[in-house]
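Everything on this sheet refers to the single structure shown next.
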Amino acid sequence: MSEKKMTSSRRHHLKSLLLQIAHDILEEEAAQAEQEKETYMQENCPALSLPGSSQELQELCKKLHHQIDVIDEQRYDMESKVAKSNKEIEDLKIKIQDLKGKFKKPVLKKVRMSADAMLQALLGSKHKVSLDLRANLKQVKKEVKEEEKEAVGDWRKNIEDKAGMDGRKKMFESEA
């Protein structure tokens, strides 16, 4: 065997080392996130000093309300950007799925349902719709085509006219 198998103790030791390294990295990331949070709070939220007079308290309240409004606008803008990005991502995923062409159509069950029951299921029970498909069809009348009928007269007269060379000559002249 050219492939050497790793012993279980060696595999267990390597696995524990990987888990320990991953744990240390997660702790560092958490500490870094906490530090970033502290610096952000110090920059944007200075220590609160409560003034003694009511006039100064009102000014402080107005200032805080203004800051709240600005923060809410920023939050709303960020949420709308995130929603727009998510929608674009979903659209791109759908386009990728379409381009791959590996979309499997699910097998649909055959359902025996009348048209009335189907409409009631779609529209809900509050809509009582009776569907008579034949009533909605357009009435079509058959037109009888009148073929040109030659004047039916005495048939012997017709034969006598066409008999002989004169009759044949008349037939050729009438056709041309």
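Within each chain, counting starts at residue 1; across the structure tokens, chains are named A, B, ... in the order shown, with ligands numbered 1 upward in that order.
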Backbone DSSP call of helix (DSSP H, G or I) for range 8-134 of chain A, listed as a ChimeraX atom specification: /A:8-44,54-100,115-123
For range 67-84 of chain A: contacts at 10 Å, only C-alpha atoms, fewer than 6 positions along chain excluded, given as a ChimeraX atom specification: /A:44,61,90
